[in-house]
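To keep things clear, I will list the structure first and then write my remarks on it.
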Amino acid sequence: MRARRLDPISTGREVDRLMAFSDGVVAVAITLMVLPLINLPKPGAGEPLYTVVTNNLGTLIIFLFTFYVVAVMWRLHSRIFSQIRGYDNPLFWLNVTWLAGIVLLPWLSSLYGYTFAFRATDPNISTSSTGDVAFLYWILMAAVSSLGTLMGRHLTRNPRLLLEGVAPVAESGTVRFRGWIIAGYFVVIGLVSLISPVIASYLPIGIFVLTMWLQPKTPKQGSATTNGATNE
């Protein structure tokens with residue numbers, strides 16, 4: 001039987017450069033998320049500051065939620081790459097595609113926040129367009145989450161990419177499907193958004209419940225979990 005040819009591994013400074021590039025892209029994406037808030041209308045004469053918050057509550061909530069989710073995704077990404085000694089072509093392209101999704105999030109989160117906040121006052125925004133934007137936003141969230149999971153799975157199947165002494169650990173039970181479950185939940189929110197954007201706006205609360213429920217156990221030192229991260 002013919003052996004499968006292994007992709008060449010990039011090691012040393014190439015790994016450091018890839019990690020630095022990835023961190024820089026995520027940092028820029030997170031910074032871009034705050035730019036739409038700068039353009040929010042200021043309070044008028046004699047108008048209290050809290051009216052700006054209440055009038056733009058949808059935009060602020062979506063910004064904070066997206067910021068939090070990207071921070072969590074970056075943390076998992078950092079844990080993945082802190083345990084590798086090198087990367088092959090599949091891991092490189094999974095990472096680049098993951099970064100492309102991260103870069104798109106500021107645009108879609110801004111659009112989602114605006115359409116959700118002003119759908120009742122802006123005649124150019126219809127209920128259907130709000131659902132379409134929300135659907136795209138949550139599908140992108142699902143895609144980014146899935147790509148992170150695929151990077152972790154790739155390392156599990158290719159332990160040669162891991163640092164010496166780091167061995168993949170197979171999770172048991174529901175936890176091993178953690179990444180897919182969360183990505184699937186994002187898709188569910190997106191589908192519900194097409195029917196009722198208002199109902200869908202409450203569903204992200206379930207993500208925090210899922211995160212707590214599917215929290216993986218702390219592995220032994222020198223082990224890598226199959227969901228793409230080790231725990232502290």
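Naming scheme: A, B, ... for chains in displayed order of the structure tokens; residues 1 onward per chain; ligands 1 onward as shown.
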Residues at most 7 Å from region 84-95 of chain A, counting only C-alpha atoms, excluding those fewer than 5 positions away in the same chain, as a ChimeraX atom specification?
-> /A:7-11,15,147,151,161-163
Using C-alpha atoms, can you write the selected residues to a file as a PDB file, in the first residue's frame?
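As written to disk, selection-v8.pdb reads:
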ATOM      1  CA  ASP A   7       3.234  18.005   3.640  1.00  0.00           C
ATOM      2  CA  PRO A   8       6.493  19.802   4.453  1.00  0.00           C
ATOM      3  CA  ILE A   9       6.547  21.514   7.853  1.00  0.00           C
ATOM      4  CA  SER A  10       7.489  25.155   8.379  1.00  0.00           C
ATOM      5  CA  THR A  11       9.270  25.577  11.716  1.00  0.00           C
ATOM      6  CA  VAL A  15       5.993  29.797  13.119  1.00  0.00           C
ATOM      7  CA  LEU A 147     -12.451  26.803  11.328  1.00  0.00           C
ATOM      8  CA  MET A 151      -7.422  23.609  13.278  1.00  0.00           C
ATOM      9  CA  LEU A 161       3.206  19.452  14.335  1.00  0.00           C
ATOM     10  CA  LEU A 162       3.131  19.657  18.140  1.00  0.00           C
ATOM     11  CA  LEU A 163       5.999  20.567  20.425  1.00  0.00           C
TER      12      LEU A 163
END
Given the choices A:Phe208, A:Trp98, A:Phe135, A:Trp213, which gets closest to Val187 (chain A) if the distance is worked out from only C-alpha atoms?
->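 When distances to Val187 (chain A) are compared using only C-alpha atoms, the smallest one comes from A:Phe135.
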Residue with smallest distance to Leu191 (chain A) - pool A:Leu99, A:Ala134, A:Val166, A:Met141, counting only C-alpha atoms =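 Among the listed residues, the smallest separation from Leu191 (chain A) belongs to A:Ala134.
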Rounded to one decimal in Å, what is the spacing between CA of Trp74 (chain A) and CA of Arg160 (chain A)?
->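 Atom-to-atom, CA of Trp74 (chain A) to CA of Arg160 (chain A), that is 23.2 Å.
Taking region 34-180 of chain A and asking which residues DSSP calls strand (DSSP E) on the backbone, you get Gly86, Tyr87, Ala167, Pro168 and Val169 of chain A.
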Residue set, region 3-229 of chain A restricted to helix (DSSP H, G or I), as a PyMOL selection string = chain A and resi 13-38+50-55+57-81+89-118+127-157+159-161+173-195+197-200+205-213
Convert the current residue selection to file output with C-alpha atoms, as a compact mmCIF listing (two decimals), in the first residue's frame.
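Saved the output as again-v4.txt:
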# COMPACT_ATOMS: atom_id res chain seq x y z
CA ARG A 13 10.99 31.70 12.78
CA GLU A 14 8.27 30.88 10.26
CA VAL A 15 5.99 29.80 13.12
CA ASP A 16 6.81 32.98 15.05
CA ARG A 17 6.02 35.11 12.00
CA LEU A 18 2.71 33.35 11.42
CA MET A 19 1.72 33.83 15.07
CA ALA A 20 2.73 37.51 15.00
CA PHE A 21 0.82 38.06 11.76
CA SER A 22 -2.29 36.34 13.16
CA ASP A 23 -2.19 38.35 16.39
CA GLY A 24 -1.80 41.56 14.40
CA VAL A 25 -4.78 40.81 12.18
CA VAL A 26 -6.99 40.01 15.18
CA ALA A 27 -5.84 43.19 16.96
CA VAL A 28 -6.70 45.33 13.93
CA ALA A 29 -10.10 43.62 13.53
CA ILE A 30 -11.01 44.24 17.17
CA THR A 31 -9.91 47.87 16.85
CA LEU A 32 -12.07 48.35 13.76
CA MET A 33 -15.13 47.17 15.68
CA VAL A 34 -15.14 50.29 17.80
CA LEU A 35 -15.01 52.75 14.87
CA PRO A 36 -18.80 52.73 14.21
CA LEU A 37 -19.34 53.80 17.83
CA ILE A 38 -17.31 56.95 17.22
CA TYR A 50 -27.92 58.11 28.61
CA THR A 51 -30.24 58.85 25.67
CA VAL A 52 -27.34 58.14 23.33
CA VAL A 53 -26.97 54.74 25.00
CA THR A 54 -30.67 53.91 24.87
CA ASN A 55 -31.03 55.11 21.28
CA LEU A 57 -28.48 50.04 22.54
CA GLY A 58 -28.62 47.47 19.74
CA THR A 59 -25.35 48.69 18.25
CA LEU A 60 -23.62 48.70 21.64
CA ILE A 61 -24.82 45.21 22.59
CA ILE A 62 -23.76 43.68 19.29
CA PHE A 63 -20.37 45.42 19.55
CA LEU A 64 -19.78 44.08 23.07
CA PHE A 65 -20.95 40.59 22.16
CA THR A 66 -18.79 40.43 19.02
CA PHE A 67 -15.79 41.82 20.92
CA TYR A 68 -16.21 39.17 23.61
CA VAL A 69 -16.62 36.31 21.14
CA VAL A 70 -13.59 37.38 19.08
CA ALA A 71 -11.54 37.65 22.29
CA VAL A 72 -12.53 34.09 23.24
CA MET A 73 -11.75 32.82 19.73
CA TRP A 74 -8.38 34.55 19.80
CA ARG A 75 -7.61 32.97 23.17
CA LEU A 76 -8.36 29.50 21.81
CA HIS A 77 -6.34 30.28 18.69
CA SER A 78 -3.43 31.41 20.86
CA ARG A 79 -3.57 28.17 22.84
CA ILE A 80 -3.48 26.15 19.65
CA PHE A 81 -0.43 27.91 18.25
CA ASN A 89 -0.11 23.71 4.29
CA PRO A 90 -3.55 22.62 5.57
CA LEU A 91 -3.00 24.34 8.92
CA PHE A 92 -1.70 27.46 7.19
CA TRP A 93 -4.75 27.80 4.94
CA LEU A 94 -7.17 26.99 7.75
CA ASN A 95 -5.55 29.79 9.73
CA VAL A 96 -5.65 32.26 6.83
CA THR A 97 -9.33 31.50 6.19
CA TRP A 98 -10.05 31.88 9.92
CA LEU A 99 -8.37 35.31 9.82
CA ALA A 100 -10.45 36.30 6.78
CA GLY A 101 -13.60 35.56 8.80
CA ILE A 102 -12.30 37.59 11.74
CA VAL A 103 -11.58 40.54 9.44
CA LEU A 104 -15.13 40.45 8.05
CA LEU A 105 -16.74 40.49 11.49
CA PRO A 106 -16.31 44.26 12.14
CA TRP A 107 -18.19 45.09 8.94
CA LEU A 108 -21.04 42.66 9.53
CA SER A 109 -21.33 43.47 13.25
CA SER A 110 -21.57 47.19 12.41
CA LEU A 111 -24.19 46.52 9.73
CA TYR A 112 -26.10 44.18 12.03
CA GLY A 113 -26.10 46.68 14.89
CA TYR A 114 -27.27 49.52 12.66
CA THR A 115 -30.11 47.60 10.99
CA PHE A 116 -31.29 46.20 14.31
CA ALA A 117 -31.18 49.56 16.10
CA PHE A 118 -32.79 51.69 13.36
CA THR A 127 -37.71 43.71 8.43
CA SER A 128 -36.48 41.27 5.80
CA SER A 129 -33.19 43.10 5.36
CA THR A 130 -32.63 42.99 9.12
CA GLY A 131 -33.11 39.22 9.03
CA ASP A 132 -30.77 38.83 6.07
CA VAL A 133 -27.98 40.79 7.76
CA ALA A 134 -28.46 38.88 11.01
CA PHE A 135 -28.36 35.58 9.13
CA LEU A 136 -25.06 36.46 7.44
CA TYR A 137 -23.61 37.64 10.76
CA TRP A 138 -24.41 34.38 12.56
CA ILE A 139 -23.33 32.20 9.64
CA LEU A 140 -19.97 34.00 9.66
CA MET A 141 -19.73 33.39 13.41
CA ALA A 142 -20.41 29.69 12.78
CA ALA A 143 -17.78 29.57 10.03
CA VAL A 144 -15.09 31.17 12.20
CA SER A 145 -15.93 28.82 15.09
CA SER A 146 -15.82 25.79 12.77
CA LEU A 147 -12.45 26.80 11.33
CA GLY A 148 -11.01 27.06 14.84
CA THR A 149 -12.31 23.57 15.58
CA LEU A 150 -10.84 22.23 12.34
CA MET A 151 -7.42 23.61 13.28
CA GLY A 152 -7.60 21.76 16.59
CA ARG A 153 -8.73 18.56 14.88
CA HIS A 154 -5.90 18.87 12.35
CA LEU A 155 -3.35 18.98 15.16
CA THR A 156 -4.95 15.95 16.79
CA ARG A 157 -4.49 13.99 13.57
CA PRO A 159 0.91 15.20 16.30
CA ARG A 160 4.15 15.75 14.39
CA LEU A 161 3.21 19.45 14.33
CA GLY A 173 -18.66 12.53 25.86
CA THR A 174 -20.35 15.66 24.58
CA VAL A 175 -17.29 17.86 25.21
CA ARG A 176 -15.48 16.43 22.19
CA PHE A 177 -18.17 17.99 19.98
CA ARG A 178 -17.95 21.36 21.75
CA GLY A 179 -16.79 23.35 18.72
CA TRP A 180 -19.39 21.83 16.40
CA ILE A 181 -22.22 22.31 18.90
CA ILE A 182 -21.44 26.00 19.37
CA ALA A 183 -21.06 26.50 15.61
CA GLY A 184 -24.37 24.72 15.09
CA TYR A 185 -26.02 26.99 17.64
CA PHE A 186 -24.77 30.02 15.70
CA VAL A 187 -26.42 28.57 12.58
CA VAL A 188 -29.69 28.07 14.50
CA ILE A 189 -29.67 31.73 15.58
CA GLY A 190 -29.07 32.73 11.96
CA LEU A 191 -32.02 30.67 10.74
CA VAL A 192 -34.30 32.04 13.45
CA SER A 193 -33.20 35.55 12.43
CA LEU A 194 -34.77 35.02 9.02
CA ILE A 195 -38.11 34.36 10.70
CA PRO A 197 -34.95 38.93 14.30
CA VAL A 198 -36.42 39.99 17.67
CA ILE A 199 -36.60 36.43 19.00
CA ALA A 200 -33.15 35.70 17.61
CA ILE A 205 -27.71 34.11 25.91
CA GLY A 206 -27.68 30.39 25.22
CA ILE A 207 -24.09 30.60 24.00
CA PHE A 208 -22.87 31.43 27.50
CA VAL A 209 -24.89 28.49 28.85
CA LEU A 210 -23.37 26.15 26.26
CA THR A 211 -19.87 27.44 26.99
CA MET A 212 -20.25 26.63 30.68
CA TRP A 213 -21.92 23.27 30.05
Two-atom distance - CA of Glu164 (chain A), CA of Gly12 (chain A) (Å) =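 Interatomic distance, CA of Glu164 (chain A) to CA of Gly12 (chain A): 13.6 Å.
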